[in-house]
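> data_30.txt is reproduced in full below (compact mmCIF, C-alpha atoms).
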```
# COMPACT_ATOMS: atom_id res chain seq x y z
CA MET A 1 0.00 0.00 0.00
CA THR A 2 1.01 3.60 0.20
CA GLN A 3 2.85 5.69 2.73
CA LEU A 4 0.70 6.68 5.71
CA LYS A 5 0.91 9.93 7.62
CA ALA A 6 -0.32 10.80 11.09
CA GLY A 7 -3.72 12.43 10.65
CA THR A 8 -4.59 10.49 7.47
CA ARG A 9 -8.06 8.91 7.43
CA ILE A 10 -8.42 5.50 5.87
CA LYS A 11 -11.29 3.08 5.47
CA SER A 12 -11.88 -0.60 5.08
CA ALA A 13 -12.54 -2.01 1.60
CA VAL A 14 -14.75 -4.77 3.03
CA CYS A 15 -16.69 -3.32 6.00
CA ALA A 16 -17.85 0.01 7.41
CA ALA A 17 -14.67 0.67 9.43
CA GLU A 18 -12.96 4.05 9.25
CA LEU A 19 -9.70 4.80 11.01
CA MET A 20 -7.46 7.74 11.71
CA VAL A 21 -3.72 7.24 11.58
CA ILE A 22 -2.25 8.30 14.92
CA GLN A 23 1.22 6.93 14.31
CA ALA A 24 2.48 5.82 10.89
CA PRO A 25 5.28 3.35 10.15
CA ASP A 26 8.28 4.52 8.13
CA GLY A 27 8.00 3.72 4.45
CA ASP A 28 5.15 1.92 2.75
CA ALA A 29 2.65 0.21 5.01
CA ASP A 30 0.51 -2.76 4.06
CA VAL A 31 -2.47 -2.05 6.30
CA ARG A 32 -5.40 -4.40 5.85
CA CYS A 33 -8.87 -4.85 7.19
CA GLY A 34 -10.72 -8.13 6.87
CA GLY A 35 -7.95 -9.40 4.60
CA ALA A 36 -8.13 -6.56 2.03
CA PRO A 37 -5.83 -3.52 1.74
CA MET A 38 -7.32 -0.42 3.34
CA LEU A 39 -8.25 2.53 1.16
CA PRO A 40 -8.00 6.32 1.27
CA ILE A 41 -11.11 7.77 2.95
CA ASP A 42 -12.62 9.07 -0.30
CA ALA A 43 -11.81 6.06 -2.53
CA ASP A 44 -14.43 3.79 -4.07
CA ARG A 45 -14.81 0.56 -2.12
CA GLY A 46 -14.46 -1.78 -5.13
CA ASP A 47 -15.55 -5.41 -4.92
CA ALA A 48 -13.17 -6.95 -2.37
CA ALA A 49 -14.88 -9.33 0.06
CA LEU A 50 -14.47 -9.75 3.80
CA ASP A 51 -12.41 -12.84 4.64
CA PRO A 52 -14.68 -14.81 7.02
CA ALA A 53 -11.59 -15.86 8.99
CA LEU A 54 -10.69 -12.21 9.68
CA LYS A 55 -13.75 -10.89 11.52
CA ALA A 56 -12.42 -9.71 14.90
CA GLY A 57 -14.04 -6.32 14.29
CA THR A 58 -13.18 -2.80 15.37
CA GLN A 59 -14.78 -0.69 18.10
CA ILE A 60 -15.33 3.04 17.83
CA GLY A 61 -12.98 5.10 20.00
CA LYS A 62 -10.48 2.26 20.43
CA ARG A 63 -6.86 2.32 19.31
CA TYR A 64 -5.12 -0.51 17.49
CA VAL A 65 -1.38 -1.11 17.41
CA ASP A 66 1.18 -3.69 16.33
CA GLU A 67 3.39 -5.41 18.88
CA ALA A 68 6.43 -3.40 17.83
CA GLY A 69 4.57 -0.12 18.27
CA THR A 70 5.26 1.08 14.71
CA ILE A 71 1.64 1.85 13.89
CA GLU A 72 -1.35 3.18 15.82
CA LEU A 73 -4.85 3.60 14.37
CA LEU A 74 -7.91 5.17 16.03
CA CYS A 75 -11.25 3.69 15.05
CA THR A 76 -13.67 6.48 14.16
CA LYS A 77 -16.32 4.22 12.66
CA PRO A 78 -16.68 0.56 13.65
CA GLY A 79 -16.65 -2.44 11.33
CA GLU A 80 -16.41 -6.21 11.22
CA GLY A 81 -12.97 -6.84 9.75
CA THR A 82 -9.72 -7.63 11.58
CA LEU A 83 -7.06 -4.93 11.26
CA ALA A 84 -3.62 -6.14 10.26
CA LEU A 85 -0.21 -4.94 9.19
CA GLY A 86 0.66 -7.40 6.47
CA ASP A 87 -0.46 -10.77 7.82
CA THR A 88 -0.06 -9.77 11.46
CA PRO A 89 -3.27 -8.73 13.20
CA LEU A 90 -3.20 -5.46 15.14
CA VAL A 91 -4.13 -5.58 18.80
CA LEU A 92 -6.38 -3.38 20.90
CA LYS A 93 -4.45 -0.80 22.91
CA GLU A 94 -6.32 -0.04 26.12
CA ALA A 95 -5.99 3.50 27.45
CA LYS A 96 -4.18 3.62 30.76
CA PRO A 97 -6.90 3.47 33.38
CA LEU A 98 -6.76 6.29 35.93
CA PRO A 99 -8.37 6.11 39.35
CA ALA A 100 -11.16 8.40 40.47
CA SER A 101 -10.01 11.89 41.41
CA ASP A 102 -12.62 12.34 44.15
CA MET B 1 -9.87 45.44 58.96
CA PHE B 2 -8.88 42.87 56.30
CA GLU B 3 -8.74 40.12 58.93
CA ALA B 4 -12.20 41.00 60.18
CA PHE B 5 -13.62 39.21 57.14
CA SER B 6 -12.10 35.76 57.29
CA PRO B 7 -13.43 32.38 58.40
CA LEU B 8 -10.49 32.19 60.81
CA THR B 9 -10.36 35.59 62.46
CA GLY B 10 -13.72 37.22 61.94
CA ALA B 11 -16.95 36.98 60.00
CA PRO B 12 -17.13 34.32 57.24
CA LEU B 13 -19.39 36.52 55.13
CA LEU B 14 -19.89 40.19 54.27
CA ALA B 15 -23.50 41.14 53.65
CA VAL B 16 -24.42 44.65 52.55
CA ASP B 17 -27.93 46.02 52.36
CA LEU B 18 -27.68 48.14 49.25
CA GLY B 19 -31.15 49.52 49.86
CA SER B 20 -29.87 51.43 52.87
CA GLU B 21 -27.43 53.36 50.73
CA THR B 22 -28.34 56.89 49.69
CA GLY B 23 -26.98 59.65 47.54
CA TRP B 24 -24.87 59.81 44.41
CA PRO B 25 -21.71 57.82 43.95
CA ASP B 26 -18.50 59.29 45.21
CA GLU B 27 -16.03 58.00 42.60
CA LEU B 28 -13.18 57.61 45.06
CA ALA B 29 -15.30 55.76 47.58
CA LEU B 30 -16.58 53.47 44.81
CA ALA B 31 -13.08 52.65 43.63
CA VAL B 32 -12.04 51.78 47.17
CA ALA B 33 -15.14 49.63 47.65
CA ARG B 34 -14.59 47.80 44.36
CA GLU B 35 -11.03 46.93 45.26
CA ALA B 36 -12.03 45.86 48.76
CA LEU B 37 -14.73 43.51 47.38
CA ALA B 38 -12.34 42.01 44.82
CA GLU B 39 -9.81 41.19 47.54
CA LEU B 40 -12.15 40.37 50.39
CA PRO B 41 -11.08 37.06 52.00
CA CYS B 42 -14.69 35.92 52.38
CA PRO B 43 -17.80 35.86 50.16
CA SER B 44 -19.73 39.11 49.75
CA VAL B 45 -23.49 39.27 49.33
CA ALA B 46 -25.50 42.29 48.28
CA LEU B 47 -29.09 42.54 49.42
CA ALA B 48 -30.99 44.51 46.79
CA GLU B 49 -34.66 44.44 47.73
CA GLU B 50 -35.79 47.29 45.54
CA LEU B 51 -34.64 49.67 42.84
CA LEU B 52 -31.13 50.72 43.75
CA ALA B 53 -29.76 54.19 44.28
CA PRO B 54 -27.11 55.15 41.70
CA ALA B 55 -24.21 54.57 44.08
CA ALA B 56 -25.47 51.09 44.89
CA GLU B 57 -26.17 50.34 41.22
CA ALA B 58 -22.57 51.16 40.41
CA LEU B 59 -21.29 48.64 42.93
CA VAL B 60 -23.70 45.73 42.65
CA ALA B 61 -21.73 43.87 39.96
CA GLU B 62 -18.71 43.60 42.25
CA PHE B 63 -20.38 41.35 44.82
CA ASP B 64 -20.00 37.59 44.75
CA LEU B 65 -23.78 37.19 45.06
CA VAL B 66 -26.83 39.39 44.83
CA VAL B 67 -30.08 38.43 46.57
CA SER B 68 -33.42 40.20 46.54
CA THR B 69 -34.92 39.01 49.83
CA ARG B 70 -33.76 38.62 53.42
CA GLY B 71 -34.83 35.00 53.22
CA ASP B 72 -32.44 34.36 50.36
CA LEU B 73 -29.69 36.19 52.23
CA GLU B 74 -30.25 33.89 55.19
CA ARG B 75 -29.98 30.81 52.92
CA VAL B 76 -26.59 31.98 51.70
CA ALA B 77 -25.45 32.89 55.21
CA GLU B 78 -26.47 29.50 56.53
CA ALA B 79 -24.50 27.69 53.81
CA VAL B 80 -21.44 29.85 54.42
CA ARG B 81 -21.57 29.40 58.21
CA ALA B 82 -21.78 25.63 57.72
CA ARG B 83 -18.79 25.47 55.31
CA PRO B 84 -16.75 28.66 55.81
CA LEU B 85 -13.51 27.32 54.32
CA ALA B 86 -15.08 25.98 51.14
CA SER B 87 -17.13 29.19 50.88
CA GLN B 88 -14.06 31.39 50.99
CA ALA B 89 -12.34 29.27 48.35
CA LEU B 90 -15.44 29.19 46.13
CA ALA B 91 -15.82 32.97 46.18
CA GLN B 92 -12.14 33.48 45.39
CA LEU B 93 -12.22 30.89 42.61
CA LEU B 94 -15.21 32.48 40.86
CA ARG B 95 -13.54 35.90 41.04
CA LEU B 96 -10.25 34.49 39.77
CA SER B 97 -11.75 32.66 36.78
CA SER B 98 -13.97 35.52 35.75
CA GLY B 99 -13.02 36.64 32.24
CA ARG B 100 -10.11 34.19 32.02
CA PRO B 101 -9.66 31.59 29.26
CA VAL B 102 -11.41 28.26 29.82
CA HIS B 103 -8.19 26.33 30.29
CA ASP B 104 -6.99 28.69 33.04
CA GLY B 105 -10.32 28.34 34.80
CA LEU B 106 -10.17 24.53 34.70
CA VAL B 107 -6.68 24.53 36.21
CA ALA B 108 -7.73 26.94 38.94
CA GLU B 109 -10.85 24.91 39.72
CA SER B 110 -8.88 21.69 40.04
CA LEU B 111 -6.29 23.33 42.31
CA VAL B 112 -8.98 24.71 44.59
CA TYR B 113 -10.80 21.38 44.57
CA ALA B 114 -7.58 19.61 45.59
CA THR B 115 -7.03 22.09 48.40
CA LEU B 116 -10.49 21.38 49.77
CA GLN B 117 -10.09 17.62 49.35
CA ALA B 118 -7.41 17.90 52.02
CA GLY B 119 -9.58 20.02 54.30
CA PRO B 120 -11.64 19.33 57.41
CA GLU B 121 -15.04 20.14 55.87
CA PHE B 122 -14.72 17.41 53.23
CA ALA B 123 -13.47 15.00 55.91
CA THR B 124 -16.51 15.77 58.05
CA TRP B 125 -18.84 15.15 55.10
CA LEU B 126 -17.10 11.86 54.26
CA ALA B 127 -17.38 10.63 57.83
CA ALA B 128 -21.10 11.42 57.99
CA ARG B 129 -22.22 10.24 54.56
CA PRO B 130 -24.72 7.40 54.36
CA PRO B 131 -23.39 3.93 53.50
CA SER B 132 -23.09 2.93 49.86
CA LYS B 133 -26.20 1.54 48.22
CA SER B 134 -24.36 0.20 45.21
CA ARG B 135 -25.15 -3.30 44.06
CA ALA B 136 -23.61 -5.60 41.49
CA ARG B 137 -21.28 -4.17 38.89
CA PRO B 138 -23.36 -2.95 35.94
CA ALA B 139 -23.01 -4.45 32.49
CA GLY B 140 -22.26 -2.83 29.15
CA PRO B 141 -20.23 0.26 28.35
CA ALA B 142 -20.51 3.27 30.68
CA VAL B 143 -21.00 5.41 27.57
CA ARG B 144 -22.74 3.93 24.55
CA VAL B 145 -21.34 5.32 21.31
CA GLU B 146 -23.33 5.30 18.10
CA ARG B 147 -22.07 6.66 14.83
CA ALA B 148 -24.33 7.33 11.86
CA GLY B 149 -22.59 9.07 8.98
CA SER B 150 -21.28 12.40 10.21
CA ARG B 151 -23.23 12.22 13.48
CA LEU B 152 -21.97 10.83 16.76
CA GLU B 153 -24.43 10.03 19.55
CA LEU B 154 -23.15 9.40 23.08
CA TRP B 155 -25.40 7.95 25.78
CA LEU B 156 -24.43 7.99 29.44
CA ASN B 157 -25.30 4.40 30.19
CA ARG B 158 -25.55 3.65 33.90
CA PRO B 159 -29.32 4.15 34.33
CA GLU B 160 -29.43 2.01 37.50
CA LYS B 161 -27.09 4.57 39.12
CA ARG B 162 -28.85 7.54 37.52
CA ASN B 163 -25.67 7.93 35.46
CA ALA B 164 -23.56 8.84 38.48
CA PHE B 165 -20.35 10.20 37.03
CA SER B 166 -17.65 7.63 37.86
CA ALA B 167 -14.03 7.25 36.79
CA GLU B 168 -15.24 4.58 34.36
CA MET B 169 -17.75 6.98 32.81
CA ARG B 170 -15.17 9.78 32.70
CA ASP B 171 -12.75 7.55 30.81
CA ALA B 172 -15.43 6.28 28.41
CA LEU B 173 -16.68 9.81 27.70
CA CYS B 174 -13.17 11.12 27.05
CA GLU B 175 -12.51 8.20 24.72
CA ALA B 176 -15.73 8.81 22.80
CA LEU B 177 -15.22 12.57 22.56
CA MET B 178 -11.73 11.96 21.20
CA VAL B 179 -13.30 10.41 18.09
CA ALA B 180 -14.92 13.76 17.29
CA VAL B 181 -11.81 15.70 18.28
CA MET B 182 -9.67 13.65 15.90
CA ASP B 183 -12.10 13.08 13.04
CA PRO B 184 -13.24 16.19 11.15
CA GLY B 185 -15.81 13.93 9.49
CA VAL B 186 -17.83 14.10 12.74
CA GLU B 187 -20.02 17.13 12.18
CA SER B 188 -22.23 16.85 15.25
CA VAL B 189 -22.13 15.19 18.65
CA ARG B 190 -25.23 14.60 20.75
CA LEU B 191 -24.77 13.75 24.43
CA LEU B 192 -27.76 12.16 26.19
CA GLY B 193 -28.51 10.11 29.29
CA GLU B 194 -30.12 6.68 29.48
CA GLY B 195 -32.73 6.09 32.18
CA PRO B 196 -34.57 8.35 34.63
CA ALA B 197 -31.89 11.06 34.95
CA PHE B 198 -29.31 12.60 32.68
CA CYS B 199 -26.67 12.48 35.43
CA SER B 200 -26.98 12.54 39.21
CA GLY B 201 -23.50 13.97 39.74
CA GLY B 202 -20.21 12.50 40.88
CA ASP B 203 -20.38 8.86 41.94
CA LEU B 204 -20.65 9.14 45.73
CA ASP B 205 -19.20 5.64 46.11
CA GLU B 206 -15.92 6.98 44.76
CA PHE B 207 -15.68 10.04 47.00
CA GLY B 208 -12.81 9.68 49.43
CA THR B 209 -11.10 7.00 47.33
CA LEU B 210 -8.41 9.41 46.12
CA SER B 211 -4.86 8.50 47.10
CA ASP B 212 -3.97 12.14 47.77
CA PRO B 213 -5.09 15.58 46.53
CA SER B 214 -1.93 16.20 44.49
CA THR B 215 -2.43 13.04 42.46
CA ALA B 216 -6.15 13.82 42.14
CA HIS B 217 -5.20 17.17 40.58
CA ALA B 218 -2.81 15.40 38.21
CA ILE B 219 -5.61 13.02 37.18
CA ARG B 220 -7.99 15.90 36.44
CA SER B 221 -5.22 17.67 34.52
CA THR B 222 -4.61 14.53 32.45
CA ARG B 223 -8.12 13.32 31.66
CA HIS B 224 -11.03 15.72 31.90
CA PRO B 225 -14.10 15.61 29.63
CA ALA B 226 -14.64 19.35 30.15
CA ARG B 227 -11.54 20.01 28.11
CA TRP B 228 -12.81 18.05 25.12
CA LEU B 229 -16.36 19.36 25.38
CA HIS B 230 -14.91 22.85 25.23
CA VAL B 231 -12.74 21.97 22.22
CA LEU B 232 -15.82 20.56 20.46
CA GLU B 233 -18.13 23.27 21.81
CA THR B 234 -19.87 24.31 18.59
CA ARG B 235 -20.34 20.73 17.40
CA VAL B 236 -21.98 19.50 20.63
CA VAL B 237 -25.63 19.41 21.60
CA CYS B 238 -26.51 18.09 25.06
CA VAL B 239 -30.02 16.80 25.69
CA VAL B 240 -30.67 16.66 29.44
CA HIS B 241 -33.57 15.36 31.50
CA GLY B 242 -34.50 14.51 35.06
CA ALA B 243 -31.86 15.19 37.69
CA CYS B 244 -28.87 17.13 36.36
CA VAL B 245 -26.68 17.40 39.44
CA GLY B 246 -23.08 18.62 39.68
CA ALA B 247 -21.24 17.18 36.67
CA GLY B 248 -24.73 16.59 35.20
CA ILE B 249 -24.98 20.28 34.38
CA GLU B 250 -21.35 21.39 34.64
CA LEU B 251 -20.36 19.32 31.60
CA PRO B 252 -23.40 20.06 29.37
CA ALA B 253 -22.93 23.79 29.99
CA PHE B 254 -19.75 23.67 27.89
CA ALA B 255 -21.74 22.78 24.77
CA SER B 256 -22.92 25.55 22.49
CA ARG B 257 -26.44 24.12 22.68
CA VAL B 258 -28.22 22.54 25.64
CA VAL B 259 -31.75 21.21 25.24
CA ALA B 260 -33.71 20.37 28.40
CA ARG B 261 -36.66 18.04 28.66
CA PRO B 262 -39.50 19.64 30.68
CA ASP B 263 -38.72 17.39 33.69
CA ALA B 264 -35.10 18.53 33.96
CA SER B 265 -33.84 20.11 37.18
CA PHE B 266 -30.42 21.49 37.98
CA ARG B 267 -28.40 21.63 41.18
CA LEU B 268 -24.81 22.14 42.39
CA PRO B 269 -24.39 20.22 45.67
CA GLU B 270 -20.61 20.36 46.14
CA LEU B 271 -20.33 23.10 48.77
CA SER B 272 -22.40 21.05 51.21
CA MET B 273 -19.69 18.39 50.86
CA GLY B 274 -16.96 20.89 51.73
CA LEU B 275 -15.92 21.14 48.06
CA VAL B 276 -16.48 23.35 45.03
CA PRO B 277 -17.93 22.21 41.68
CA GLY B 278 -15.19 20.06 40.19
CA ALA B 279 -16.34 19.00 36.73
CA GLY B 280 -15.70 22.40 35.17
CA GLY B 281 -18.81 24.11 36.51
CA THR B 282 -17.01 27.18 37.87
CA VAL B 283 -15.98 27.81 34.25
CA SER B 284 -18.93 26.62 32.18
CA LEU B 285 -21.80 28.03 34.26
CA PRO B 286 -20.49 31.61 34.55
CA ARG B 287 -20.07 31.67 30.76
CA ARG B 288 -23.79 30.93 30.44
CA ILE B 289 -25.44 32.56 33.44
CA GLY B 290 -22.82 34.88 34.91
CA ARG B 291 -20.76 34.72 38.07
CA GLN B 292 -23.45 35.79 40.54
CA ARG B 293 -26.11 33.30 39.47
CA THR B 294 -23.48 30.56 39.38
CA ALA B 295 -22.58 31.57 42.92
CA TRP B 296 -26.24 31.40 43.98
CA LEU B 297 -26.49 27.81 42.73
CA ALA B 298 -23.10 26.81 44.13
CA PHE B 299 -23.50 28.42 47.56
CA THR B 300 -27.08 27.42 48.28
CA GLY B 301 -27.30 24.11 46.39
CA ALA B 302 -30.83 25.24 45.50
CA PRO B 303 -32.41 23.40 42.57
CA ILE B 304 -33.84 25.23 39.59
CA ASP B 305 -36.34 23.81 37.13
CA ALA B 306 -36.17 23.81 33.34
CA GLU B 307 -38.21 27.04 33.02
CA THR B 308 -35.84 28.95 35.28
CA ALA B 309 -32.84 27.41 33.55
CA LEU B 310 -34.21 28.63 30.22
CA ALA B 311 -34.92 32.11 31.57
CA TRP B 312 -31.32 32.26 32.83
CA ARG B 313 -29.98 30.72 29.57
CA LEU B 314 -28.42 27.84 31.43
CA VAL B 315 -30.24 25.87 28.71
CA ASP B 316 -31.17 27.07 25.25
CA ALA B 317 -34.50 25.34 24.74
CA ILE B 318 -37.09 23.12 26.38
CA GLU B 319 -38.30 20.32 24.15
CA PRO B 320 -40.56 17.43 25.10
```
Could you take the file, read its structure, and then write that structure out as structure tokens?

Amino acid sequence: MTQLKAGTRIKSAVCAAELMVIQAPDGDADVRCGGAPMLPIDADRGDAALDPALKAGTQIGKRYVDEAGTIELLCTKPGEGTLALGDTPLVLKEAKPLPASD
Amino acid sequence: MFEAFSPLTGAPLLAVDLGSETGWPDELALAVAREALAELPCPSVALAEELLAPAAEALVAEFDLVVSTRGDLERVAEAVRARPLASQALAQLLRLSSGRPVHDGLVAESLVYATLQAGPEFATWLAARPPSKSRARPAGPAVRVERAGSRLELWLNRPEKRNAFSAEMRDALCEALMVAVMDPGVESVRLLGEGPAFCSGGDLDEFGTLSDPSTAHAIRSTRHPARWLHVLETRVVCVVHGACVGAGIELPAFASRVVARPDASFRLPELSMGLVPGAGGTVSLPRRIGRQRTAWLAFTGAPIDAETALAWRLVDAIEP
């Protein structure tokens, strides 16, 4: 795929998911959702199909990262597909919980 | 003279009957009075029962509160006598934030809140509060997030606790608001409450659980939904109903539009706990209803209904 930049919005080719790039890897990044390469936000979806084995889904407001911490995506619209960098699925990054301040 | 108006060395409150004043303003005397009121180490209340003489009219805006009856004056005095330390801090905070940028006001509010968290009045309230009524841990997200096209809808989702504002709800709301902050494709955000009340205020079960006031200030400085509601201000509509207590009105008041259901009522209870409003209310309410009406709500804890809130422009509309 193409080079990503922090602040770029991308969308899934196979489900409703939209994501915002928070941190982009150096060089070209093969970011996929549901098995298909992700698209620029304003691109036509085409006819790619969701791989039934890659349906972990995305939740709105959650952040997704790779183990090495080279990429971070914020889900701004949820979908059914599994996010991945190449063949490696991204994992949910939980925000650090803070205690009550009362 | 200065020390005569302090909760420690004198009276905890200055009340002035502006009706007893006569004559035309003496500019020098007015300037001295203005400065004295701005620096007074206790709250000041003006009693203005009738049309004011010019000298009194020129001074009335400088008081922390203005009341129109002796009964109302007594309500304020009673609250101040019960919590003189929090009252002093509240009056000073509202003066300090007045006309300042939102961010400055939020920092000041949190610092004052932390100071009072370490104080004896909060400790007394904690020791006397009724035991927790909380039951099993509720299911589902604390804030339900729905996205349809360019619209984001956020539902406070702890109806069995009347959406008491907990750390969990704070975190979920911040996370959801961040979607709109980051994504320019979100054109509007609606914030609503599930169940019988929009939000019954801070989660009382969590009060007193802080490790220390300094860390509590750091937490509020790190993660505070007021900050993001202010950033999103013009894109946010809050739809409030039932009890809107403490955070339940402090947070909505940051939005550029607040719609109340006819059953909505509004109240700031924090002073009775030895605290000040801590969810941004000392910033958001004065921007809507002015410093003196904010002070009336915050000092007395008196509820107002939707009609009054609309008349004061605490809300922008009442819709069934």
> Chain A residues within 10 Å of chain B, counting all atoms listed in the file: which ones, as a list of chain:residue names?
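The contacting residues on chain A are A:Gly7, A:Thr8, A:Arg9, A:Glu18, A:Leu19, A:Met20, A:Val21, A:Ile22, A:Gln59, A:Ile60, A:Gly61, A:Lys62, A:Arg63, A:Leu74, A:Cys75, A:Thr76, A:Lys77, A:Pro78, A:Ala95, A:Lys96, A:Pro97, A:Leu98, A:Pro99, A:Ala100, A:Ser101, A:Asp102.
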> Could you write out as JSON the box around stretch 90-101 of chain A (axis-aligned, all atoms listed in the file, 5 Å on each side), with centre and edge lengths in Å to one decimal?

```
{"center_x": -7.2, "center_y": 3.2, "center_z": 28.3, "size_x": 18.0, "size_y": 27.5, "size_z": 36.3}
```
> Report as a list in words all protein, DNA and RNA residues lying within 7 Å of A:Leu39, evaluated on all atoms listed in the file, omitting residues in the same chain fewer than 5 positions from it.
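Surrounding residues, per the criterion: Ile10, Lys11, Ser12 and Ala13 of chain A.
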> Taking into account all atoms listed in the file, which residue in the set B:Ser44, B:Thr294, B:Asn163, B:Ser272 is nearest to B:Phe5?
B:Ser44
> Which residue out of B:Thr124, B:Ser132, B:Thr282, B:Asn157 has the minimum interatomic distance to B:Val107 when only C-alpha atoms are used?
B:Thr282
> Counting all atoms listed in the file, which residue out of B:Glu270, B:Asp263, B:Asp64, B:Asp316 sits closest to B:Ala295?
B:Asp64
> Would you kindly return, as a PDB file with C-alpha atoms, in the coordinates of the input, each protein, DNA or RNA residue with an atom no farther than 7 Å from any atom of stretch 43-57 of chain A, considering all atoms listed in the file and excluding same-chain residues fewer than 4 positions away?

```pdb
ATOM      1  CA  ALA A  13     -12.540  -2.010   1.600  1.00  0.00           C
ATOM      2  CA  VAL A  14     -14.750  -4.770   3.030  1.00  0.00           C
ATOM      3  CA  GLY A  34     -10.720  -8.130   6.870  1.00  0.00           C
ATOM      4  CA  GLY A  35      -7.950  -9.400   4.600  1.00  0.00           C
ATOM      5  CA  ALA A  36      -8.130  -6.560   2.030  1.00  0.00           C
ATOM      6  CA  LEU A  39      -8.250   2.530   1.160  1.00  0.00           C
ATOM      7  CA  GLY A  79     -16.650  -2.440  11.330  1.00  0.00           C
ATOM      8  CA  GLU A  80     -16.410  -6.210  11.220  1.00  0.00           C
ATOM      9  CA  GLY A  81     -12.970  -6.840   9.750  1.00  0.00           C
ATOM     10  CA  THR A  82      -9.720  -7.630  11.580  1.00  0.00           C
TER      11      THR A  82
END
```
> Excluding A:Gly86 and its own-chain neighbours fewer than 2 positions away, which residues fall within 10 Å of it when counting all atoms listed in the file? Please give them as a list in words.
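Residues near the query, excluding close chain neighbours: Met1, Ala29, Asp30, Val31, Arg32, Cys33, Gly35, Ala36, Pro37, Leu83, Ala84, Thr88, Pro89 and Leu90 of chain A.
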> Keeping N, CA and C atoms, write stretch 137-154 of chain B of the structure just shown out as a PDB file, in the first residue's frame.

```
ATOM      1  N   ARG B 137     -21.918  -4.981  39.921  1.00  0.00           N
ATOM      2  CA  ARG B 137     -21.284  -4.174  38.885  1.00  0.00           C
ATOM      3  C   ARG B 137     -22.154  -4.187  37.632  1.00  0.00           C
ATOM      4  N   PRO B 138     -22.467  -3.004  37.098  1.00  0.00           N
ATOM      5  CA  PRO B 138     -23.363  -2.947  35.945  1.00  0.00           C
ATOM      6  C   PRO B 138     -22.690  -3.472  34.672  1.00  0.00           C
ATOM      7  N   ALA B 139     -23.526  -3.867  33.741  1.00  0.00           N
ATOM      8  CA  ALA B 139     -23.009  -4.451  32.493  1.00  0.00           C
ATOM      9  C   ALA B 139     -23.009  -3.409  31.390  1.00  0.00           C
ATOM     10  N   GLY B 140     -22.273  -3.700  30.317  1.00  0.00           N
ATOM     11  CA  GLY B 140     -22.259  -2.827  29.149  1.00  0.00           C
ATOM     12  C   GLY B 140     -21.357  -1.633  29.351  1.00  0.00           C
ATOM     13  N   PRO B 141     -21.130  -0.897  28.262  1.00  0.00           N
ATOM     14  CA  PRO B 141     -20.235   0.255  28.349  1.00  0.00           C
ATOM     15  C   PRO B 141     -20.856   1.389  29.166  1.00  0.00           C
ATOM     16  N   ALA B 142     -20.022   2.143  29.881  1.00  0.00           N
ATOM     17  CA  ALA B 142     -20.514   3.272  30.679  1.00  0.00           C
ATOM     18  C   ALA B 142     -21.030   4.389  29.785  1.00  0.00           C
ATOM     19  N   VAL B 143     -20.489   4.470  28.578  1.00  0.00           N
ATOM     20  CA  VAL B 143     -21.001   5.408  27.573  1.00  0.00           C
ATOM     21  C   VAL B 143     -21.213   4.613  26.287  1.00  0.00           C
ATOM     22  N   ARG B 144     -22.436   4.622  25.807  1.00  0.00           N
ATOM     23  CA  ARG B 144     -22.737   3.930  24.551  1.00  0.00           C
ATOM     24  C   ARG B 144     -22.480   4.899  23.396  1.00  0.00           C
ATOM     25  N   VAL B 145     -21.741   4.446  22.410  1.00  0.00           N
ATOM     26  CA  VAL B 145     -21.337   5.317  21.306  1.00  0.00           C
ATOM     27  C   VAL B 145     -21.972   4.813  20.025  1.00  0.00           C
ATOM     28  N   GLU B 146     -22.721   5.678  19.373  1.00  0.00           N
ATOM     29  CA  GLU B 146     -23.328   5.301  18.097  1.00  0.00           C
ATOM     30  C   GLU B 146     -22.909   6.309  17.035  1.00  0.00           C
ATOM     31  N   ARG B 147     -22.460   5.774  15.925  1.00  0.00           N
ATOM     32  CA  ARG B 147     -22.072   6.665  14.834  1.00  0.00           C
ATOM     33  C   ARG B 147     -22.946   6.395  13.625  1.00  0.00           C
ATOM     34  N   ALA B 148     -23.561   7.443  13.096  1.00  0.00           N
ATOM     35  CA  ALA B 148     -24.334   7.329  11.863  1.00  0.00           C
ATOM     36  C   ALA B 148     -23.872   8.443  10.940  1.00  0.00           C
ATOM     37  N   GLY B 149     -23.111   8.073   9.914  1.00  0.00           N
ATOM     38  CA  GLY B 149     -22.595   9.075   8.981  1.00  0.00           C
ATOM     39  C   GLY B 149     -21.725  10.079   9.697  1.00  0.00           C
ATOM     40  N   SER B 150     -22.096  11.348   9.588  1.00  0.00           N
ATOM     41  CA  SER B 150     -21.283  12.398  10.206  1.00  0.00           C
ATOM     42  C   SER B 150     -21.740  12.714  11.634  1.00  0.00           C
ATOM     43  N   ARG B 151     -22.708  11.934  12.139  1.00  0.00           N
ATOM     44  CA  ARG B 151     -23.233  12.221  13.480  1.00  0.00           C
ATOM     45  C   ARG B 151     -22.752  11.184  14.487  1.00  0.00           C
ATOM     46  N   LEU B 152     -22.401  11.701  15.669  1.00  0.00           N
ATOM     47  CA  LEU B 152     -21.973  10.832  16.763  1.00  0.00           C
ATOM     48  C   LEU B 152     -22.959  11.032  17.912  1.00  0.00           C
ATOM     49  N   GLU B 153     -23.485   9.922  18.432  1.00  0.00           N
ATOM     50  CA  GLU B 153     -24.426  10.028  19.547  1.00  0.00           C
ATOM     51  C   GLU B 153     -23.845   9.282  20.740  1.00  0.00           C
ATOM     52  N   LEU B 154     -23.754   9.972  21.869  1.00  0.00           N
ATOM     53  CA  LEU B 154     -23.154   9.403  23.078  1.00  0.00           C
ATOM     54  C   LEU B 154     -24.219   9.332  24.164  1.00  0.00           C
TER      55      LEU B 154
END
```
